[in-house]
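Just input_29.cif here, mmCIF, C-alpha atoms and all ligand atoms:
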```
data_input
loop_
_atom_site.label_atom_id
_atom_site.label_comp_id
_atom_site.auth_asym_id
_atom_site.auth_seq_id
_atom_site.Cartn_x
_atom_site.Cartn_y
_atom_site.Cartn_z
CA MET A 708 77.82 42.29 91.55
CA ALA A 709 77.56 40.87 88.03
CA GLU A 710 80.77 39.02 87.35
CA LYS A 711 82.60 39.76 84.13
CA MET A 712 83.07 36.81 81.84
CA ASP A 713 86.63 35.92 80.94
CA ALA A 714 86.91 33.45 78.08
CA LYS A 715 90.63 33.06 78.73
CA LEU A 716 90.24 31.49 82.19
CA ASP A 717 91.79 28.05 82.61
CA TYR A 718 88.76 25.86 83.13
CA ASN A 719 90.56 22.50 83.09
CA VAL A 720 88.27 21.13 80.36
CA LYS A 721 87.02 17.57 80.97
CA ALA A 722 84.99 17.00 77.82
CA GLU A 723 85.69 13.28 77.79
CA LYS A 724 83.86 12.66 81.10
CA LYS A 725 81.05 10.11 80.61
CA VAL A 726 78.03 9.37 82.79
CA ASP A 727 77.71 5.85 84.22
CA SER A 728 73.93 5.29 83.95
CA SER A 729 74.04 2.37 86.40
CA LYS A 730 75.03 4.76 89.22
CA LYS A 731 73.10 7.58 90.87
CA LEU A 732 73.59 10.91 89.13
CA ARG A 733 75.59 13.36 91.23
CA VAL A 734 73.92 16.76 91.08
CA GLY A 735 74.79 20.23 92.41
CA ILE A 736 72.68 23.36 92.76
CA ILE A 737 74.13 26.80 92.04
CA GLY A 738 72.04 29.55 93.62
CA CYS A 739 69.80 28.51 96.52
CA GLY A 740 66.95 31.01 96.21
CA TRP A 741 63.28 30.60 95.43
CA ILE A 742 63.38 28.53 92.26
CA ALA A 743 66.05 26.21 93.64
CA GLY A 744 63.23 25.02 95.94
CA ALA A 745 61.35 23.65 92.92
CA HIS A 746 64.53 21.95 91.67
CA ILE A 747 65.26 20.27 95.00
CA ASP A 748 61.63 19.13 95.33
CA SER A 749 61.92 17.39 91.97
CA TYR A 750 65.39 15.95 92.61
CA LYS A 751 64.10 14.51 95.89
CA ARG A 752 61.50 12.58 93.92
CA MET A 753 64.12 11.07 91.55
CA ALA A 754 65.44 7.76 92.89
CA ASP A 755 68.49 7.86 90.62
CA VAL A 756 69.71 11.26 91.84
CA GLU A 757 71.92 12.27 94.71
CA VAL A 758 72.19 16.01 95.37
CA VAL A 759 75.76 16.24 96.65
CA ALA A 760 76.54 19.98 96.66
CA GLY A 761 75.05 23.43 96.64
CA CYS A 762 76.31 26.98 96.84
CA ASP A 763 75.13 30.54 97.11
CA LEU A 764 76.90 33.89 97.13
CA ILE A 765 75.14 34.73 100.40
CA PRO A 766 77.03 33.04 103.26
CA GLY A 767 74.99 30.35 105.04
CA LYS A 768 72.11 30.46 102.54
CA ALA A 769 72.91 27.11 100.87
CA GLU A 770 73.30 25.32 104.21
CA LYS A 771 69.95 26.68 105.44
CA PHE A 772 68.31 25.85 102.11
CA PHE A 773 69.17 22.15 102.32
CA ALA A 774 68.30 21.97 106.03
CA ASP A 775 64.91 23.60 105.34
CA ASN A 776 64.32 21.11 102.53
CA GLY A 777 65.26 18.14 104.67
CA VAL A 778 68.23 17.13 102.51
CA THR A 779 71.27 15.98 104.48
CA GLY A 780 74.86 15.17 103.56
CA VAL A 781 75.15 17.98 101.01
CA LYS A 782 78.46 19.90 100.81
CA THR A 783 77.77 23.61 101.01
CA ASP A 784 80.99 25.20 102.25
CA TYR A 785 81.66 27.11 99.04
CA ALA A 786 81.83 30.88 98.68
CA SER A 787 80.93 30.79 94.97
CA HIS A 788 80.02 28.54 92.07
CA LYS A 789 83.73 28.41 91.14
CA GLU A 790 84.78 26.86 94.44
CA MET A 791 82.04 24.26 94.12
CA LEU A 792 82.79 23.42 90.50
CA ASP A 793 86.53 23.27 91.24
CA ASP A 794 85.91 20.59 93.91
CA GLU A 795 86.87 17.47 91.95
CA SER A 796 85.88 15.22 94.87
CA LEU A 797 82.21 15.93 94.10
CA GLU A 798 82.37 14.14 90.72
CA LEU A 799 79.38 16.14 89.53
CA ASP A 800 77.39 14.85 86.57
CA ALA A 801 75.07 17.84 86.39
CA VAL A 802 74.19 21.18 87.94
CA SER A 803 71.03 23.23 88.13
CA VAL A 804 71.92 26.89 87.61
CA CYS A 805 69.28 28.72 89.66
CA THR A 806 70.97 32.11 89.92
CA TYR A 807 69.43 35.44 88.99
CA ASN A 808 69.58 36.42 85.31
CA ARG A 809 72.86 38.36 85.37
CA GLN A 810 74.54 35.27 86.83
CA HIS A 811 73.24 32.73 84.31
CA ALA A 812 76.10 32.85 81.81
CA VAL A 813 79.12 32.84 84.12
CA PRO A 814 78.34 29.69 86.17
CA ALA A 815 76.89 27.88 83.13
CA ILE A 816 80.10 28.47 81.15
CA TYR A 817 82.30 27.47 84.06
CA ALA A 818 80.34 24.22 84.61
CA LEU A 819 80.37 23.29 80.91
CA LYS A 820 84.10 23.94 80.69
CA LYS A 821 84.51 21.60 83.64
CA GLY A 822 82.68 18.89 81.68
CA ILE A 823 79.46 19.12 83.72
CA ASN A 824 75.99 19.01 82.17
CA VAL A 825 73.86 22.11 82.83
CA LEU A 826 70.19 22.73 83.41
CA LEU A 827 70.01 26.52 83.19
CA GLU A 828 66.97 28.42 84.45
CA LYS A 829 65.12 30.74 82.08
CA PRO A 830 65.66 33.26 80.57
CA PHE A 831 68.72 31.92 78.75
CA THR A 832 70.81 35.00 79.68
CA VAL A 833 70.41 38.79 79.67
CA THR A 834 72.31 39.67 76.47
CA LEU A 835 72.71 37.83 73.19
CA ASP A 836 76.50 37.99 73.54
CA GLU A 837 76.33 36.09 76.83
CA ALA A 838 74.11 33.42 75.26
CA ILE A 839 76.59 33.03 72.39
CA ASP A 840 79.43 32.55 74.89
CA VAL A 841 77.43 29.89 76.74
CA MET A 842 76.74 28.10 73.45
CA LYS A 843 80.43 28.17 72.55
CA ALA A 844 81.27 26.54 75.88
CA GLU A 845 78.51 23.99 75.29
CA LYS A 846 79.87 23.14 71.87
CA GLU A 847 83.48 22.84 73.08
CA SER A 848 82.46 20.67 76.03
CA GLY A 849 80.13 18.30 74.18
CA LYS A 850 77.95 18.37 77.30
CA ILE A 851 74.21 18.87 77.57
CA LEU A 852 72.80 22.33 78.15
CA SER A 853 69.03 22.60 78.53
CA ILE A 854 67.16 25.81 79.27
CA GLY A 855 64.44 25.69 81.95
CA PHE A 856 61.27 26.24 79.94
CA GLN A 857 58.95 23.78 81.71
CA PRO A 858 55.77 25.09 79.97
CA ARG A 859 57.11 23.35 76.85
CA LEU A 860 56.19 20.07 78.51
CA ASP A 861 52.56 21.06 79.10
CA ALA A 862 50.18 19.06 76.91
CA ASN A 863 48.22 22.19 75.96
CA MET A 864 51.38 23.96 74.84
CA GLN A 865 52.32 20.89 72.84
CA MET A 866 48.84 20.97 71.28
CA ILE A 867 49.61 24.40 69.82
CA LYS A 868 52.61 22.94 68.03
CA LYS A 869 50.58 19.91 66.89
CA ILE A 870 47.95 22.22 65.37
CA VAL A 871 50.57 24.27 63.49
CA ASP A 872 52.49 21.16 62.39
CA SER A 873 49.28 19.53 61.10
CA GLY A 874 49.08 22.21 58.38
CA GLU A 875 45.52 23.06 59.47
CA LEU A 876 46.42 26.77 59.69
CA GLY A 877 48.09 26.88 56.25
CA LYS A 878 51.01 29.28 55.96
CA VAL A 879 51.44 31.23 59.18
CA TYR A 880 52.08 34.91 58.45
CA TYR A 881 51.18 36.83 61.63
CA ILE A 882 51.49 36.08 65.34
CA GLN A 883 50.32 38.22 68.23
CA THR A 884 51.63 37.09 71.58
CA GLY A 885 52.39 38.17 75.10
CA GLY A 886 50.25 38.96 78.06
CA GLY A 887 50.57 40.35 81.50
CA ARG A 888 49.36 41.05 84.97
CA ARG A 889 47.42 44.08 86.17
CA ARG A 890 49.77 44.27 89.15
CA GLY A 891 52.46 41.63 89.51
CA ILE A 892 55.96 43.01 89.88
CA PRO A 893 57.75 40.06 91.54
CA THR A 894 59.15 41.39 94.82
CA PRO A 895 57.84 38.99 97.47
CA PHE A 896 61.36 37.67 98.20
CA GLY A 897 63.37 40.86 97.73
CA THR A 898 64.65 42.83 94.80
CA THR A 899 66.71 40.43 92.66
CA PHE A 900 64.04 40.54 89.91
CA ILE A 901 63.90 44.33 89.74
CA GLU A 902 67.49 45.50 90.10
CA ASP A 903 69.53 45.95 86.98
CA GLU A 904 72.67 44.43 88.47
CA THR A 905 70.90 41.14 89.28
CA ALA A 906 68.01 40.89 86.78
CA GLY A 907 69.24 42.90 83.79
CA LEU A 908 65.80 42.72 82.17
CA GLY A 909 62.34 42.82 83.76
CA ALA A 910 58.97 41.59 82.49
CA LEU A 911 60.50 41.39 79.03
CA ALA A 912 62.74 38.47 79.97
CA ASP A 913 60.97 37.09 83.03
CA ILE A 914 57.61 36.29 81.42
CA GLY A 915 58.24 37.54 77.88
CA CYS A 916 60.59 34.64 77.21
CA TYR A 917 57.71 32.21 77.88
CA SER A 918 55.29 33.81 75.47
CA LEU A 919 57.96 33.94 72.79
CA ASP A 920 58.73 30.26 73.35
CA MET A 921 55.04 29.35 73.15
CA VAL A 922 54.73 30.64 69.60
CA LEU A 923 58.27 30.29 68.25
CA ASN A 924 58.42 26.63 69.25
CA ALA A 925 55.05 26.08 67.56
CA VAL A 926 56.22 27.55 64.25
CA GLY A 927 59.65 25.89 64.28
CA TYR A 928 61.77 28.69 65.74
CA PRO A 929 62.35 30.80 62.61
CA LYS A 930 65.31 33.14 62.72
CA PRO A 931 64.50 36.70 63.86
CA LEU A 932 65.67 39.36 61.38
CA THR A 933 64.73 42.82 62.67
CA VAL A 934 62.96 44.27 65.69
CA THR A 935 61.39 47.53 66.78
CA GLY A 936 61.13 47.46 70.54
CA TYR A 937 59.80 49.60 73.40
CA LYS A 938 60.25 49.32 77.17
CA SER A 939 58.85 51.31 80.08
CA ASP A 940 58.99 51.38 83.88
CA PHE A 941 56.11 53.62 85.01
CA PHE A 942 54.84 51.20 87.68
CA GLY A 943 58.23 49.91 88.76
CA LYS A 944 59.47 53.43 89.51
CA ASP A 945 56.33 54.39 91.48
CA PRO A 946 56.71 54.02 95.31
CA ALA A 947 52.93 53.40 95.56
CA THR A 948 53.49 50.07 93.80
CA TYR A 949 55.21 48.65 96.90
CA PRO A 950 53.11 49.08 100.07
CA GLY A 951 55.53 48.81 102.99
CA HIS A 952 58.58 48.99 100.70
CA PRO A 953 58.55 52.38 98.90
CA GLU A 954 62.37 52.14 98.65
CA TYR A 955 61.96 49.42 95.99
CA ALA A 956 60.99 52.17 93.52
CA GLU A 957 64.53 53.59 93.78
CA LYS A 958 66.02 50.15 93.20
CA PHE A 959 63.87 49.38 90.17
CA GLY A 960 66.27 49.32 87.22
CA VAL A 961 64.52 47.15 84.64
CA ASP A 962 61.31 47.23 82.54
CA ASP A 963 57.77 46.50 83.74
CA PHE A 964 56.32 46.62 80.20
CA ALA A 965 57.73 45.89 76.76
CA ALA A 966 56.31 45.75 73.26
CA ALA A 967 57.81 44.90 69.90
CA PHE A 968 57.27 44.28 66.23
CA VAL A 969 59.59 41.52 65.01
CA ARG A 970 60.22 40.25 61.49
CA LEU A 971 60.98 36.54 61.34
CA GLU A 972 62.48 34.51 58.51
CA GLY A 973 59.82 33.02 56.26
CA GLY A 974 57.73 36.19 56.15
CA ILE A 975 56.20 35.92 59.63
CA ILE A 976 55.41 39.03 61.65
CA LEU A 977 55.51 38.76 65.44
CA ASP A 978 53.56 41.38 67.40
CA PHE A 979 54.52 41.17 71.07
CA ARG A 980 53.68 42.84 74.36
CA ILE A 981 54.31 41.85 77.95
CA ALA A 982 53.59 43.47 81.32
CA TRP A 983 54.28 42.97 85.00
CA ALA A 984 51.85 45.82 85.62
CA MET A 985 49.25 47.58 83.44
CA ASN A 986 45.89 49.34 83.59
CA ILE A 987 43.93 46.73 81.66
CA ASP A 988 42.75 43.17 82.31
CA THR A 989 44.68 41.65 79.42
CA PRO A 990 46.68 43.09 76.54
CA GLY A 991 45.13 40.38 74.36
CA ASP A 992 45.14 36.68 73.70
CA THR A 993 47.82 34.99 71.65
CA ILE A 994 46.69 34.59 68.05
CA ILE A 995 48.33 32.76 65.18
CA LEU A 996 47.00 33.70 61.74
CA GLY A 997 47.45 31.34 58.83
CA THR A 998 46.20 31.35 55.25
CA LYS A 999 43.76 28.48 55.94
CA ALA A 1000 42.79 29.06 59.57
CA GLY A 1001 43.53 31.10 62.67
CA LEU A 1002 44.18 29.96 66.25
CA ARG A 1003 43.24 31.86 69.42
CA ILE A 1004 45.03 30.92 72.65
CA PRO A 1005 43.38 32.61 75.66
CA SER A 1006 45.69 34.56 77.93
CA THR A 1007 45.98 34.01 81.68
CA ASP A 1008 45.77 36.57 84.52
CA CYS A 1009 49.30 35.85 85.72
CA TRP A 1010 51.26 35.31 82.55
CA ASN A 1011 53.57 32.46 83.27
CA GLY A 1012 53.58 30.45 80.11
CA SER A 1013 50.34 28.54 80.19
CA VAL A 1014 47.15 28.28 78.15
CA GLY A 1015 44.33 30.24 79.83
CA GLY A 1016 41.36 28.23 78.56
CA PRO A 1017 40.06 26.24 75.59
CA MET A 1018 41.72 27.37 72.35
CA LYS A 1019 39.71 28.05 69.21
CA ILE A 1020 40.46 27.40 65.55
CA TYR A 1021 38.67 29.76 63.12
CA LYS A 1022 38.12 28.55 59.57
CA THR A 1023 35.86 29.30 56.61
CA ILE A 1024 34.59 26.24 54.72
CA GLY A 1025 32.35 26.56 51.66
CA GLY A 1026 31.78 30.21 52.54
CA VAL A 1027 30.63 29.35 56.06
CA ASP A 1028 32.59 30.66 59.06
CA MET A 1029 33.29 27.89 61.55
CA GLU A 1030 34.93 27.61 64.93
CA THR A 1031 36.42 24.51 66.52
CA THR A 1032 37.07 24.46 70.25
CA VAL A 1033 40.22 22.71 71.41
CA PRO A 1034 39.48 21.49 74.94
CA ILE A 1035 41.97 21.97 77.76
CA ILE A 1036 43.95 18.80 78.42
CA ASN A 1037 44.23 18.08 82.13
CA GLU A 1038 47.34 16.07 82.81
CA SER A 1039 48.68 14.81 86.07
CA GLY A 1040 52.28 15.23 87.18
CA SER A 1041 54.40 18.26 87.83
CA LEU A 1042 55.84 20.14 84.86
CA PHE A 1043 58.94 20.74 86.94
CA ASP A 1044 59.42 17.00 87.43
CA LYS A 1045 59.08 16.57 83.68
CA LYS A 1046 61.63 19.32 83.03
CA ILE A 1047 64.16 17.80 85.43
CA ARG A 1048 63.48 14.22 84.29
CA SER A 1049 63.85 15.01 80.59
CA PHE A 1050 67.16 16.76 81.30
CA LEU A 1051 68.45 13.88 83.46
CA ASP A 1052 67.44 11.30 80.88
CA ALA A 1053 69.36 13.19 78.22
CA VAL A 1054 72.40 13.22 80.55
CA LYS A 1055 72.10 9.53 81.41
CA TYR A 1056 71.44 8.12 77.99
CA ASN A 1057 73.46 10.53 75.83
CA GLY A 1058 70.28 12.11 74.53
CA LYS A 1059 69.64 15.61 73.24
CA ALA A 1060 68.82 18.65 75.34
CA PRO A 1061 65.02 18.78 75.79
CA VAL A 1062 65.05 22.58 75.37
CA PRO A 1063 68.14 23.23 73.24
CA SER A 1064 70.18 26.40 73.11
CA SER A 1065 70.05 26.21 69.30
CA GLN A 1066 66.37 27.26 69.56
CA ILE A 1067 66.48 29.49 72.63
CA ILE A 1068 69.27 31.58 71.11
CA TYR A 1069 66.55 33.04 68.81
CA ASN A 1070 64.35 33.77 71.83
CA GLN A 1071 67.31 35.52 73.47
CA ALA A 1072 68.14 37.39 70.27
CA ILE A 1073 64.62 38.86 70.28
CA LEU A 1074 64.83 39.91 73.96
CA ASP A 1075 68.23 41.46 73.28
CA GLY A 1076 66.96 43.11 70.09
CA ILE A 1077 63.97 44.65 71.93
CA ALA A 1078 66.29 46.04 74.61
CA ARG A 1079 68.72 47.44 72.01
CA SER A 1080 65.96 48.92 69.88
CA ALA A 1081 64.30 50.50 72.92
CA ARG A 1082 67.62 52.14 73.84
CA ALA A 1083 68.27 53.31 70.27
CA GLY A 1084 64.70 54.45 69.63
CA ARG A 1085 64.59 52.79 66.20
CA GLU A 1086 64.43 49.42 64.44
CA VAL A 1087 67.55 47.25 64.79
CA GLU A 1088 68.85 44.24 62.89
CA ILE A 1089 69.45 40.92 64.59
CA THR A 1090 72.70 39.18 63.72
CA ILE A 1091 73.64 35.85 65.21
CA PRO A 1092 77.10 34.51 64.40
CA GLU A 1093 77.81 30.86 63.50
CA ILE A 1094 78.74 29.01 66.65
N1 LIG B 1101 61.26 28.14 85.58
C1 LIG B 1101 60.51 28.84 86.42
O1 LIG B 1101 59.33 28.59 86.59
C2 LIG B 1101 61.13 29.96 87.19
C3 LIG B 1101 60.41 30.57 88.22
C4 LIG B 1101 61.03 31.57 88.97
C5 LIG B 1101 62.32 31.99 88.66
N2 LIG B 1101 62.98 31.40 87.61
C6 LIG B 1101 64.34 31.87 87.24
O2 LIG B 1101 65.26 31.38 88.20
C7 LIG B 1101 66.28 32.35 88.43
C8 LIG B 1101 66.40 32.60 89.92
O3 LIG B 1101 65.18 33.08 90.43
P1 LIG B 1101 64.89 33.07 92.00
O4 LIG B 1101 63.50 33.51 92.19
O5 LIG B 1101 65.31 31.79 92.60
O6 LIG B 1101 65.89 34.23 92.48
P2 LIG B 1101 66.54 34.44 93.92
O7 LIG B 1101 67.08 35.80 93.94
O8 LIG B 1101 65.54 34.01 94.97
O9 LIG B 1101 67.73 33.36 93.99
C9 LIG B 1101 68.90 33.46 93.24
C10 LIG B 1101 70.05 33.06 94.16
O10 LIG B 1101 71.23 32.87 93.37
C11 LIG B 1101 72.34 33.30 94.16
N3 LIG B 1101 73.47 33.52 93.26
C12 LIG B 1101 73.59 34.46 92.28
N4 LIG B 1101 74.74 34.30 91.62
C13 LIG B 1101 75.38 33.22 92.16
C14 LIG B 1101 76.59 32.55 91.89
N5 LIG B 1101 77.40 32.94 90.91
N6 LIG B 1101 76.91 31.49 92.64
C15 LIG B 1101 76.11 31.06 93.64
N7 LIG B 1101 74.92 31.66 93.94
C16 LIG B 1101 74.57 32.73 93.20
C17 LIG B 1101 71.81 34.54 94.87
O11 LIG B 1101 72.59 34.88 95.98
C18 LIG B 1101 70.40 34.10 95.21
O12 LIG B 1101 70.34 33.51 96.51
C19 LIG B 1101 65.88 33.60 87.63
O13 LIG B 1101 66.68 33.69 86.49
C20 LIG B 1101 64.44 33.36 87.26
O14 LIG B 1101 64.07 33.90 86.00
C21 LIG B 1101 62.42 30.39 86.89
#
```

Would you write out, as structure tokens, the structure that this file holds?
Ligand SMILES: NC(=O)c1ccc[n+]([C@@H]2O[C@H](COP(=O)([O-])OP(=O)(O)OC[C@H]3O[C@@H](n4cnc5c(N)ncnc54)[C@H](O)[C@@H]3O)[C@@H](O)[C@H]2O)c1
Amino acid sequence: MAEKMDAKLDYNVKAEKKVDSSKKLRVGIIGCGWIAGAHIDSYKRMADVEVVAGCDLIPGKAEKFFADNGVTGVKTDYASHKEMLDDESLELDAVSVCTYNRQHAVPAIYALKKGINVLLEKPFTVTLDEAIDVMKAEKESGKILSIGFQPRLDANMQMIKKIVDSGELGKVYYIQTGGGRRRGIPTPFGTTFIEDETAGLGALADIGCYSLDMVLNAVGYPKPLTVTGYKSDFFGKDPATYPGHPEYAEKFGVDDFAAAFVRLEGGIILDFRIAWAMNIDTPGDTIILGTKAGLRIPSTDCWNGSVGGPMKIYKTIGGVDMETTVPIINESGSLFDKKIRSFLDAVKYNGKAPVPSSQIIYNQAILDGIARSARAGREVEITIPEI
């Protein structure tokens, strides 16, 4: 099912296409599954957006999706993303790529080569090579590519970065991150998250990418150098995990747990673990250790890239151990709206991608490194070419 990428395809590059900010933005949706619902909800709330097209590989799914969401006048008679992106009459300014992981790179590259701005759902891709190909297309097109990490826009997440940037922690040298669910393999809508040919990676990419972004963004996305990784699938392969659907165990082709030890540029060690299923309440909070202070970020039950409670800063002043509580910031407004709005504003006003590929390539390199190391059974180096 995963389509092979062909860099030699004639994409009819339209890099010179500019957005007229006085007009409504013309948006398309590629992949009309579960997360596309969150995209359409947000687009519906944006007065300067017209969703003009949508497509899905499953016949009739896009049409039903827009009808169910009460959006009319949307063109959906496309058998694939290619047919939709080839339709010049749509005059698309941007697309949301809401396909499963194995189909992130192909439509994103095709859209960029067509001169269309792309909001690509997380994780960036499955492999590092795919992410590099998407970045090459982004660079050639001059268009905006933003990766869908909405937790970045949460005030509590931003507080973590503010604390690190303030210098309060001193030099950061060790980070422990990750989290997980006791039982939470995502199969409520079918098996696209657990099959290798659609998902490619399991918990590692699905929720692991969030916990990596939480800490890497805070410390300025240092380059990853080496990784020792581990993956397992004990719960995913057990029929008892799926009451009513024991056949899912056969289909399970990804990881339900991953752990890694990563060396980052600047002498930072990253200790990581993530689980869709495990026999413990939490594999630990996120901690960031610095030479002047340490920060504890409580984990959540369902690890989805959020702060689980008030954070604490640990410091010793004049020989006295002290703790400062960082209260939870309660903000109104949907993070998804913020994600979509920040992307659209970048498109409209020639801004920069809110979550740029130049950072997320390091996140992807770590996911890819963990998968490679787990396969090889030893530490591997991470090499990212100049793009
Ligand atoms: N940001 C978030 O909070 C969040 C939450 C859930 C999922 N996601 C991400 O969104 C992606 C999709 O997740 P989902 O739950 O919607 O999956 P899903 O399986 O419900 O939907 C994906 C849809 O994409 C379609 N599709 C695949 N390749 C296509 C192509 N080339 N052209 C047209 N349609 C294509 C499939 O047929 C399917 O209907 C995943 O990568 C996931 O990690 C993000």

Around ligand LIG 1101 (chain B), fit a box with edges along x, y and z, padding it by 6 Å on each side, then list its centre and edge lengths in Å to one decimal as AutoDock Vina command-line options.
```
--center_x 68.4 --center_y 32.0 --center_z 91.0 --size_x 30.1 --size_y 19.7 --size_z 22.9
```

- request: Check which residues fall inside 6 Å of ligand LIG 1101 (chain B) when counting only C-alpha atoms and all ligand atoms, and print them as an MDAnalysis selection string.
  value: chainID A and resid 737:743 762:765 787:788 805:808 810 814 828:830 855:856 899 913

If you keep C-alpha atoms, can you produce a file of those selected residues as a compact mmCIF listing (two decimals), in the coordinates of the input?
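Ended up saving to out-v6.txt:
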```
# COMPACT_ATOMS: atom_id res chain seq x y z
CA ILE A 737 74.13 26.80 92.04
CA GLY A 738 72.04 29.55 93.62
CA CYS A 739 69.80 28.51 96.52
CA GLY A 740 66.95 31.01 96.21
CA TRP A 741 63.28 30.60 95.43
CA ILE A 742 63.38 28.53 92.26
CA ALA A 743 66.05 26.21 93.64
CA CYS A 762 76.31 26.98 96.84
CA ASP A 763 75.13 30.54 97.11
CA LEU A 764 76.90 33.89 97.13
CA ILE A 765 75.14 34.73 100.40
CA SER A 787 80.93 30.79 94.97
CA HIS A 788 80.02 28.54 92.07
CA CYS A 805 69.28 28.72 89.66
CA THR A 806 70.97 32.11 89.92
CA TYR A 807 69.43 35.44 88.99
CA ASN A 808 69.58 36.42 85.31
CA GLN A 810 74.54 35.27 86.83
CA PRO A 814 78.34 29.69 86.17
CA GLU A 828 66.97 28.42 84.45
CA LYS A 829 65.12 30.74 82.08
CA PRO A 830 65.66 33.26 80.57
CA GLY A 855 64.44 25.69 81.95
CA PHE A 856 61.27 26.24 79.94
CA THR A 899 66.71 40.43 92.66
CA ASP A 913 60.97 37.09 83.03
```

task: Find the residues around segment 948-955 of chain A up to 8 Å (all atoms listed in the file counted), leave out those fewer than 5 positions away in its own chain, and share them as number ranges by chain.
output: A: 898, 942-943

Considering all atoms listed in the file, tabulate each residue of segment 989-1032 of chain A that lies at most 12 Å from segment 967-977 of chain A along with its nearest interatomic pair and the corresponding distance in Å to one decimal; arrange the rows by chain and ascending residue number and present them as CSV.
```
residue,atom,partner,partner_atom,distance
A:Thr993,CA,A:Leu977,CA,10.6
A:Ile994,CA,A:Leu977,CA,10.1
A:Ile995,CA,A:Leu977,CA,9.4
A:Leu996,CA,A:Ile975,CA,9.7
A:Gly997,CA,A:Ile975,CA,9.9
A:Thr998,CA,A:Ile975,CA,11.8
```

- prompt: Between A:Ala984, A:Lys850, A:Arg1085, A:Leu797, which has the minimum distance to Ala818 of chain A (counting all atoms listed in the file)?
  reply: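 For Ala818 of chain A, the nearest of the given residues is A:Lys850.
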
query: Looking at A:Gly936, A:Pro1061, A:Gly885, A:Pro946, which one is nearest to Val1014 of chain A, with distances taken over all atoms listed in the file?
result: A:Gly885

Exercise: segment 1045-1047 of chain A partners within 12 Å, only C-alpha atoms, chain neighbours under 6 positions left out, as a ChimeraX atom specification: /A:734,743,745-753,756,801-803,825-829,853-862,1038-1039,1053-1054,1060-1062

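Nearest to Ser1049 of chain A of all the residues A:Phe979, A:Ile1024, A:Glu847, A:Pro1063 is A:Pro1063, counting only C-alpha atoms.
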
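Ranking A:Asp775, A:Asp920, A:Glu845, A:Asp1028 by their shortest atom-to-atom distance to Tyr1069 of chain A, with all atoms listed in the file included, puts A:Asp920 first.
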
field: Atom pair atom CA of Thr1023 of chain A / atom CA of Ile882 of chain A: separation (Å)
entry: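 Those two atoms sit 19.1 Å apart.
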
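Those residues that approach Ser1080 of chain A to within 6 Å, counting only C-alpha atoms, are Thr935, Gly936, Glu1086 and Val1087 of chain A; same-chain residues fewer than 6 positions away are not listed.
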
- request: May I ask for the distance between atom CA of Gly849 of chain A and atom CA of Arg809 of chain A, given in Å to one decimal place?
  value: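 Here the two named atoms are 24.1 Å from each other.
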
- prompt: At what distance in Å, to one decimal, does atom CA of Ala1072 of chain A lie from atom CA of Ile1094 of chain A?
  reply: 14.0 Å

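Here the question is which of A:Leu852, A:Leu876, A:Ala769, A:Ala1081 gets nearest to Lys1019 of chain A using all atoms listed in the file, and that residue is A:Leu876.
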
Since the input has fewer atoms than a full residue there, write segment 749-759 of chain A out with N, CA and C atoms, as a short mmCIF file (atom, residue, chain, number, x, y, z; two decimals), in the coordinates of the input.
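Written output follows (selection.cif):
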```cif
data_model
loop_
_atom_site.label_atom_id
_atom_site.label_comp_id
_atom_site.auth_asym_id
_atom_site.auth_seq_id
_atom_site.Cartn_x
_atom_site.Cartn_y
_atom_site.Cartn_z
N SER A 749 61.93 18.39 93.04
CA SER A 749 61.92 17.39 91.97
C SER A 749 63.05 16.39 92.15
N TYR A 750 64.26 16.88 92.44
CA TYR A 750 65.39 15.95 92.61
C TYR A 750 65.09 14.94 93.73
N LYS A 751 64.41 15.41 94.77
CA LYS A 751 64.10 14.51 95.89
C LYS A 751 63.20 13.35 95.44
N ARG A 752 62.41 13.62 94.40
CA ARG A 752 61.50 12.58 93.92
C ARG A 752 62.18 11.63 92.92
N MET A 753 63.43 11.89 92.56
CA MET A 753 64.12 11.07 91.55
C MET A 753 65.03 10.07 92.26
N ALA A 754 64.70 8.79 92.16
CA ALA A 754 65.44 7.76 92.89
C ALA A 754 66.88 7.62 92.39
N ASP A 755 67.14 8.05 91.18
CA ASP A 755 68.49 7.86 90.62
C ASP A 755 69.35 9.12 90.75
N VAL A 756 68.96 10.01 91.67
CA VAL A 756 69.71 11.26 91.84
C VAL A 756 70.18 11.43 93.28
N GLU A 757 71.42 11.89 93.41
CA GLU A 757 71.92 12.27 94.71
C GLU A 757 72.37 13.73 94.60
N VAL A 758 71.74 14.62 95.36
CA VAL A 758 72.19 16.01 95.37
C VAL A 758 73.36 16.09 96.35
N VAL A 759 74.55 16.35 95.83
CA VAL A 759 75.76 16.24 96.65
C VAL A 759 76.35 17.59 97.05
#
```
